[in-house]
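The file coords.pdb comes next; it holds PDB, C-alpha atoms.
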```pdb
ATOM      1  CA  MET A   8     -29.370 -38.171  10.431
ATOM      2  CA  LYS A   9     -27.817 -34.723  10.523
ATOM      3  CA  GLU A  10     -27.522 -34.261   6.764
ATOM      4  CA  LYS A  11     -30.857 -35.907   5.962
ATOM      5  CA  THR A  12     -32.664 -33.764   8.525
ATOM      6  CA  MET A  13     -31.077 -30.617   7.133
ATOM      7  CA  ALA A  14     -31.960 -31.627   3.568
ATOM      8  CA  TYR A  15     -35.625 -32.073   4.451
ATOM      9  CA  CYS A  16     -35.680 -28.724   6.231
ATOM     10  CA  ARG A  17     -34.024 -27.020   3.248
ATOM     11  CA  ALA A  18     -36.721 -28.591   1.053
ATOM     12  CA  GLY A  19     -39.379 -26.828   3.121
ATOM     13  CA  GLU A  20     -40.474 -29.425   5.667
ATOM     14  CA  ASN A  21     -41.314 -28.091   9.107
ATOM     15  CA  CYS A  22     -39.104 -29.120  12.019
ATOM     16  CA  SER A  23     -41.104 -32.113  13.213
ATOM     17  CA  LEU A  24     -41.725 -33.543   9.752
ATOM     18  CA  GLY A  25     -38.147 -32.988   8.614
ATOM     19  CA  LEU A  26     -36.854 -35.000  11.548
ATOM     20  CA  LEU A  27     -39.483 -37.733  11.122
ATOM     21  CA  ARG A  28     -38.734 -38.104   7.405
ATOM     22  CA  ALA A  29     -34.995 -38.308   8.057
ATOM     23  CA  ALA A  30     -35.477 -40.957  10.755
ATOM     24  CA  SER A  31     -37.805 -42.913   8.482
ATOM     25  CA  ASP A  32     -35.111 -42.927   5.801
ATOM     26  CA  VAL A  33     -32.318 -43.933   8.176
ATOM     27  CA  TYR A  34     -34.180 -46.466  10.340
ATOM     28  CA  GLY A  35     -36.623 -47.819   7.767
ATOM     29  CA  PHE A  36     -39.983 -47.296   9.427
ATOM     30  CA  PRO A  37     -42.999 -46.230   7.356
ATOM     31  CA  LEU A  38     -44.660 -42.848   7.710
ATOM     32  CA  SER A  39     -48.428 -43.033   7.586
ATOM     33  CA  LYS A  40     -50.432 -40.208   6.051
ATOM     34  CA  GLU A  41     -51.864 -39.537   9.506
ATOM     35  CA  LEU A  42     -48.433 -39.162  11.080
ATOM     36  CA  VAL A  43     -47.280 -36.852   8.284
ATOM     37  CA  ASP A  44     -50.489 -34.816   8.540
ATOM     38  CA  SER A  45     -50.138 -34.501  12.311
ATOM     39  CA  CYS A  46     -46.895 -32.581  11.830
ATOM     40  CA  GLY A  47     -48.898 -29.716  10.355
ATOM     41  CA  ALA A  48     -50.183 -28.959  13.841
ATOM     42  CA  VAL A  49     -46.881 -29.680  15.607
ATOM     43  CA  CYS A  50     -44.708 -26.845  14.372
ATOM     44  CA  SER A  51     -43.470 -23.407  15.361
ATOM     45  CA  GLY A  52     -43.671 -24.084  19.070
ATOM     46  CA  PHE A  53     -47.261 -25.255  18.607
ATOM     47  CA  GLY A  54     -48.011 -21.751  17.347
ATOM     48  CA  ILE A  55     -47.844 -20.261  20.842
ATOM     49  CA  GLY A  56     -44.116 -20.243  21.475
ATOM     50  CA  GLY A  57     -44.206 -23.561  23.275
ATOM     51  CA  ILE A  58     -42.015 -26.633  23.205
ATOM     52  CA  CYS A  59     -39.771 -27.234  20.188
ATOM     53  CA  SER A  60     -41.635 -29.421  17.695
ATOM     54  CA  ALA A  61     -38.426 -31.230  16.708
ATOM     55  CA  LEU A  62     -38.079 -32.257  20.335
ATOM     56  CA  VAL A  63     -41.596 -33.693  20.218
ATOM     57  CA  ALA A  64     -40.818 -35.537  16.967
ATOM     58  CA  ALA A  65     -37.621 -36.971  18.467
ATOM     59  CA  ILE A  66     -39.562 -38.440  21.377
ATOM     60  CA  MET A  67     -42.118 -39.869  18.942
ATOM     61  CA  ILE A  68     -39.288 -41.481  16.958
ATOM     62  CA  LEU A  69     -37.953 -43.124  20.119
ATOM     63  CA  GLY A  70     -41.455 -44.491  20.694
ATOM     64  CA  ILE A  71     -41.537 -45.900  17.171
ATOM     65  CA  LEU A  72     -38.119 -47.550  17.410
ATOM     66  CA  PHE A  73     -38.137 -48.969  20.948
ATOM     67  CA  ALA A  74     -40.390 -50.882  23.308
ATOM     68  CA  PRO A  75     -42.137 -48.582  25.819
ATOM     69  CA  GLU A  76     -39.768 -49.008  28.773
ATOM     70  CA  GLU A  77     -36.660 -48.640  26.625
ATOM     71  CA  ALA A  78     -38.175 -45.629  24.858
ATOM     72  CA  LYS A  79     -38.780 -43.978  28.246
ATOM     73  CA  LYS A  80     -35.141 -44.479  29.289
ATOM     74  CA  ARG A  81     -33.869 -43.065  26.027
ATOM     75  CA  ARG A  82     -36.384 -40.216  26.218
ATOM     76  CA  LEU A  83     -34.982 -39.151  29.565
ATOM     77  CA  PHE A  84     -31.419 -39.328  28.274
ATOM     78  CA  PHE A  85     -32.378 -37.358  25.158
ATOM     79  CA  LEU A  86     -34.264 -34.665  27.070
ATOM     80  CA  LEU A  87     -31.430 -34.123  29.529
ATOM     81  CA  ALA A  88     -28.815 -34.076  26.763
ATOM     82  CA  PHE A  89     -30.982 -31.701  24.692
ATOM     83  CA  ARG A  90     -31.391 -29.233  27.537
ATOM     84  CA  GLU A  91     -27.701 -29.421  28.420
ATOM     85  CA  LYS A  92     -26.575 -28.932  24.820
ATOM     86  CA  PHE A  93     -29.059 -26.271  23.710
ATOM     87  CA  GLY A  94     -29.953 -24.582  27.010
ATOM     88  CA  ALA A  95     -33.712 -24.577  26.489
ATOM     89  CA  MET A  96     -36.619 -26.609  25.150
ATOM     90  CA  ASP A  97     -38.963 -23.922  23.834
ATOM     91  CA  CYS A  98     -39.080 -22.783  20.231
ATOM     92  CA  PRO A  99     -38.656 -19.017  20.759
ATOM     93  CA  THR A 100     -35.534 -19.405  22.894
ATOM     94  CA  LEU A 101     -33.996 -22.036  20.639
ATOM     95  CA  SER A 102     -34.700 -20.125  17.431
ATOM     96  CA  ALA A 103     -33.860 -16.636  18.728
ATOM     97  CA  GLY A 104     -31.557 -14.791  16.373
ATOM     98  CA  LYS A 105     -31.633 -17.486  13.680
ATOM     99  CA  LEU A 106     -32.731 -16.772  10.129
ATOM    100  CA  ASP A 107     -33.762 -20.404   9.900
ATOM    101  CA  CYS A 108     -33.268 -23.522  11.992
ATOM    102  CA  THR A 109     -31.681 -25.787   9.370
ATOM    103  CA  GLU A 110     -28.286 -26.129  11.090
ATOM    104  CA  PHE A 111     -29.950 -26.440  14.467
ATOM    105  CA  MET A 112     -32.211 -29.180  13.103
ATOM    106  CA  GLY A 113     -29.128 -31.041  11.912
ATOM    107  CA  ASP A 114     -27.721 -30.855  15.428
ATOM    108  CA  ILE A 115     -30.966 -32.288  16.818
ATOM    109  CA  GLY A 116     -30.822 -35.098  14.270
ATOM    110  CA  ALA A 117     -27.259 -35.881  15.324
ATOM    111  CA  LEU A 118     -28.205 -35.917  19.016
ATOM    112  CA  LEU A 119     -31.140 -38.217  18.286
ATOM    113  CA  GLU A 120     -28.911 -40.563  16.294
ATOM    114  CA  GLU A 121     -26.464 -40.652  19.213
ATOM    115  CA  THR A 122     -29.315 -41.445  21.606
ATOM    116  CA  ILE A 123     -30.633 -44.219  19.369
ATOM    117  CA  GLY A 124     -27.181 -45.765  19.012
ATOM    118  CA  LYS A 125     -26.261 -45.719  22.693
ATOM    119  CA  ASP A 126     -26.218 -49.068  24.450
ATOM    120  CA  ASP A 127     -24.679 -48.172  27.772
ATOM    121  CA  PHE A 128     -25.960 -44.750  28.778
ATOM    122  CA  CYS A 129     -27.795 -46.020  31.865
ATOM    123  CA  GLU A 130     -24.725 -47.684  33.321
ATOM    124  CA  LYS A 131     -22.552 -44.615  32.791
ATOM    125  CA  THR A 132     -24.960 -42.228  34.504
ATOM    126  CA  ILE A 133     -25.315 -44.248  37.724
TER     127      ILE A 133
END
```

Could I get this structure in the form of C-alpha cells?
Amino acid sequence: MKEKTMAYCRAGENCSLGLLRAASDVYGFPLSKELVDSCGAVCSGFGIGGICSALVAAIMILGILFAPEEAKKRRLFFLLAFREKFGAMDCPTLSAGKLDCTEFMGDIGALLEETIGKDDFCEKTI
C-alpha cells in the first residue's frame, strides 16, 4: 500500500483518491465513477483546513472491505493509531512544513494496510 499510494500521489492524484486507488489495486474492489468524482470535493482539508482527506478515504476503505460492525472496530483502531503516530488529524497541521505529502501519504497507506491485516487488535487493547 505504501508504494502504490505514493505512486498515485506522484502521478498527481489528490490524497483521498491516491489512497483509494492504491487500496483498489491491492484489495481488488472496483472504483465507481461516482466514488472517484467524490474525491474532487474531499481534498486539501475540505478546502477549509479541516480533517485530512486521506484519513476520510481510509475510513471509507474500511467500510468497503468490512461489514459495518467490524469496520467500526477497525476505524477506532485506525483513528487512535493515526493520532498517536502523526499527532493530529487536520490537514494544515499534518502538512505543515512539507513541500508535498507524498511520503506522508505512503505512511498513511502503510498504517491502513496494518489496520486491515490485524486480526487481534481488540484482544490486545483490553

Would you pick out the contacts of Phe73 in chain A at 12 Å or less, using all atoms listed in the file, so that residues sharing its chain but fewer than 3 positions from it are not included, and give the list as a PyMOL selection string? chain A and resi 34+36+66-70+76-82+122-124

With the PyMOL selection byres ((chain A and resi 64) around 10) as the selection, what would be picked from this file? Answer as a CSV table (one decimal) with C-alpha atoms, keeping the file's coordinate frame, please.
```
chain,number,residue,atom,x,y,z
A,22,CYS,CA,-39.1,-29.1,12.0
A,23,SER,CA,-41.1,-32.1,13.2
A,24,LEU,CA,-41.7,-33.5,9.8
A,25,GLY,CA,-38.1,-33.0,8.6
A,26,LEU,CA,-36.9,-35.0,11.5
A,27,LEU,CA,-39.5,-37.7,11.1
A,30,ALA,CA,-35.5,-41.0,10.8
A,46,CYS,CA,-46.9,-32.6,11.8
A,49,VAL,CA,-46.9,-29.7,15.6
A,50,CYS,CA,-44.7,-26.8,14.4
A,59,CYS,CA,-39.8,-27.2,20.2
A,60,SER,CA,-41.6,-29.4,17.7
A,61,ALA,CA,-38.4,-31.2,16.7
A,62,LEU,CA,-38.1,-32.3,20.3
A,63,VAL,CA,-41.6,-33.7,20.2
A,65,ALA,CA,-37.6,-37.0,18.5
A,66,ILE,CA,-39.6,-38.4,21.4
A,67,MET,CA,-42.1,-39.9,18.9
A,68,ILE,CA,-39.3,-41.5,17.0
A,69,LEU,CA,-38.0,-43.1,20.1
A,70,GLY,CA,-41.5,-44.5,20.7
```

List the residues selected by the PyMOL selection byres ((chain A and resi 110) around 12) in the file shown, writing them as a list in words.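 So the PyMOL selection byres ((chain A and resi 110) around 12), applied here, picks out Lys9, Glu10, Lys11, Thr12, Met13, Ala14, Tyr15, Cys16, Arg17, Cys22, Leu101, Ser102, Lys105, Leu106, Asp107, Cys108, Thr109, Phe111, Met112, Gly113, Asp114, Ile115, Gly116 and Ala117 of chain A.
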
My list of candidates is A:Gly54, A:Gly47, A:Gly19, A:Pro75. Which is closest to Pro99 in chain A when distances are computed with all atoms listed in the file?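 Closest to Pro99 in chain A, using all atoms listed in the file: A:Gly54.
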
What is the distance between CA of Leu119 in chain A and CA of Phe85 in chain A, in Å to one decimal?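 CA of Phe85 in chain A lies 7.0 Å from CA of Leu119 in chain A.
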
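Of note, CA of Ile71 in chain A and CA of Arg90 in chain A are spaced 22.1 Å apart.
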
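Reported to one decimal place, the separation of CA of Glu120 in chain A from CA of Ser45 in chain A is 22.4 Å.
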
Run through the PyMOL selection byres ((chain A and resi 56) around 9) on the given coordinates and return the selected residues as a list in words. Ser51, Gly52, Phe53, Gly54, Ile55, Gly57, Ile58, Cys59, Asp97, Cys98, Pro99 and Thr100 of chain A

Which residue, A:Leu118, A:Ala29, A:Ala18, A:Ala48, has the smallest gap to Phe89 in chain A when you use all atoms listed in the file? A:Leu118

Can I get range 16-27 of chain A with all heavy atoms filled in, as a compact mmCIF listing (two decimals), in the frame of the given file?
```txt
# COMPACT_ATOMS: atom_id res chain seq x y z
N CYS A 16 -35.34 -30.09 5.81
CA CYS A 16 -35.68 -28.72 6.23
C CYS A 16 -35.42 -27.73 5.11
O CYS A 16 -36.23 -26.82 4.88
CB CYS A 16 -34.90 -28.35 7.49
SG CYS A 16 -35.47 -29.26 8.94
N ARG A 17 -34.30 -27.90 4.40
CA ARG A 17 -34.02 -27.02 3.25
C ARG A 17 -35.09 -27.15 2.17
O ARG A 17 -35.38 -26.20 1.44
CB ARG A 17 -32.66 -27.36 2.65
CG ARG A 17 -31.50 -26.79 3.39
CD ARG A 17 -30.20 -26.97 2.61
NE ARG A 17 -29.10 -26.96 3.53
CZ ARG A 17 -28.42 -28.03 3.93
NH1 ARG A 17 -28.69 -29.23 3.46
NH2 ARG A 17 -27.44 -27.91 4.79
N ALA A 18 -35.68 -28.35 2.06
CA ALA A 18 -36.72 -28.59 1.05
C ALA A 18 -38.08 -28.03 1.48
O ALA A 18 -39.04 -28.11 0.72
CB ALA A 18 -36.84 -30.09 0.78
N GLY A 19 -38.15 -27.48 2.68
CA GLY A 19 -39.38 -26.83 3.12
C GLY A 19 -40.20 -27.56 4.15
O GLY A 19 -41.27 -27.08 4.55
N GLU A 20 -39.73 -28.71 4.62
CA GLU A 20 -40.47 -29.42 5.67
C GLU A 20 -40.36 -28.67 6.99
O GLU A 20 -39.32 -28.08 7.28
CB GLU A 20 -39.93 -30.84 5.86
CG GLU A 20 -40.04 -31.72 4.63
CD GLU A 20 -41.45 -32.15 4.29
OE1 GLU A 20 -42.43 -31.58 4.83
OE2 GLU A 20 -41.58 -33.04 3.45
N ASN A 21 -41.42 -28.71 7.79
CA ASN A 21 -41.31 -28.09 9.11
C ASN A 21 -40.42 -28.96 10.00
O ASN A 21 -40.04 -30.07 9.62
CB ASN A 21 -42.70 -27.82 9.72
CG ASN A 21 -43.44 -29.06 10.18
OD1 ASN A 21 -42.86 -30.01 10.70
ND2 ASN A 21 -44.74 -29.06 9.99
N CYS A 22 -40.08 -28.46 11.15
CA CYS A 22 -39.10 -29.12 12.02
C CYS A 22 -39.48 -30.56 12.37
O CYS A 22 -38.66 -31.47 12.26
CB CYS A 22 -38.91 -28.31 13.29
SG CYS A 22 -38.28 -26.66 12.99
N SER A 23 -40.71 -30.76 12.79
CA SER A 23 -41.10 -32.11 13.21
C SER A 23 -41.12 -33.07 12.03
O SER A 23 -40.61 -34.20 12.14
CB SER A 23 -42.47 -32.09 13.91
OG SER A 23 -43.47 -31.56 13.08
N LEU A 24 -41.65 -32.65 10.90
CA LEU A 24 -41.72 -33.54 9.75
C LEU A 24 -40.35 -33.79 9.14
O LEU A 24 -40.06 -34.90 8.70
CB LEU A 24 -42.70 -33.00 8.71
CG LEU A 24 -43.00 -33.91 7.52
CD1 LEU A 24 -43.43 -35.31 7.98
CD2 LEU A 24 -44.05 -33.28 6.63
N GLY A 25 -39.51 -32.79 9.12
CA GLY A 25 -38.15 -32.99 8.61
C GLY A 25 -37.40 -34.05 9.39
O GLY A 25 -36.74 -34.93 8.81
N LEU A 26 -37.52 -34.01 10.70
CA LEU A 26 -36.85 -35.00 11.55
C LEU A 26 -37.48 -36.38 11.38
O LEU A 26 -36.78 -37.39 11.27
CB LEU A 26 -36.90 -34.56 13.01
CG LEU A 26 -36.01 -35.33 13.98
CD1 LEU A 26 -34.53 -35.20 13.61
CD2 LEU A 26 -36.24 -34.86 15.40
N LEU A 27 -38.80 -36.45 11.32
CA LEU A 27 -39.48 -37.73 11.12
C LEU A 27 -39.12 -38.36 9.78
O LEU A 27 -38.86 -39.56 9.70
CB LEU A 27 -41.00 -37.56 11.21
CG LEU A 27 -41.58 -37.62 12.61
CD1 LEU A 27 -43.00 -37.10 12.61
CD2 LEU A 27 -41.54 -39.03 13.15
```
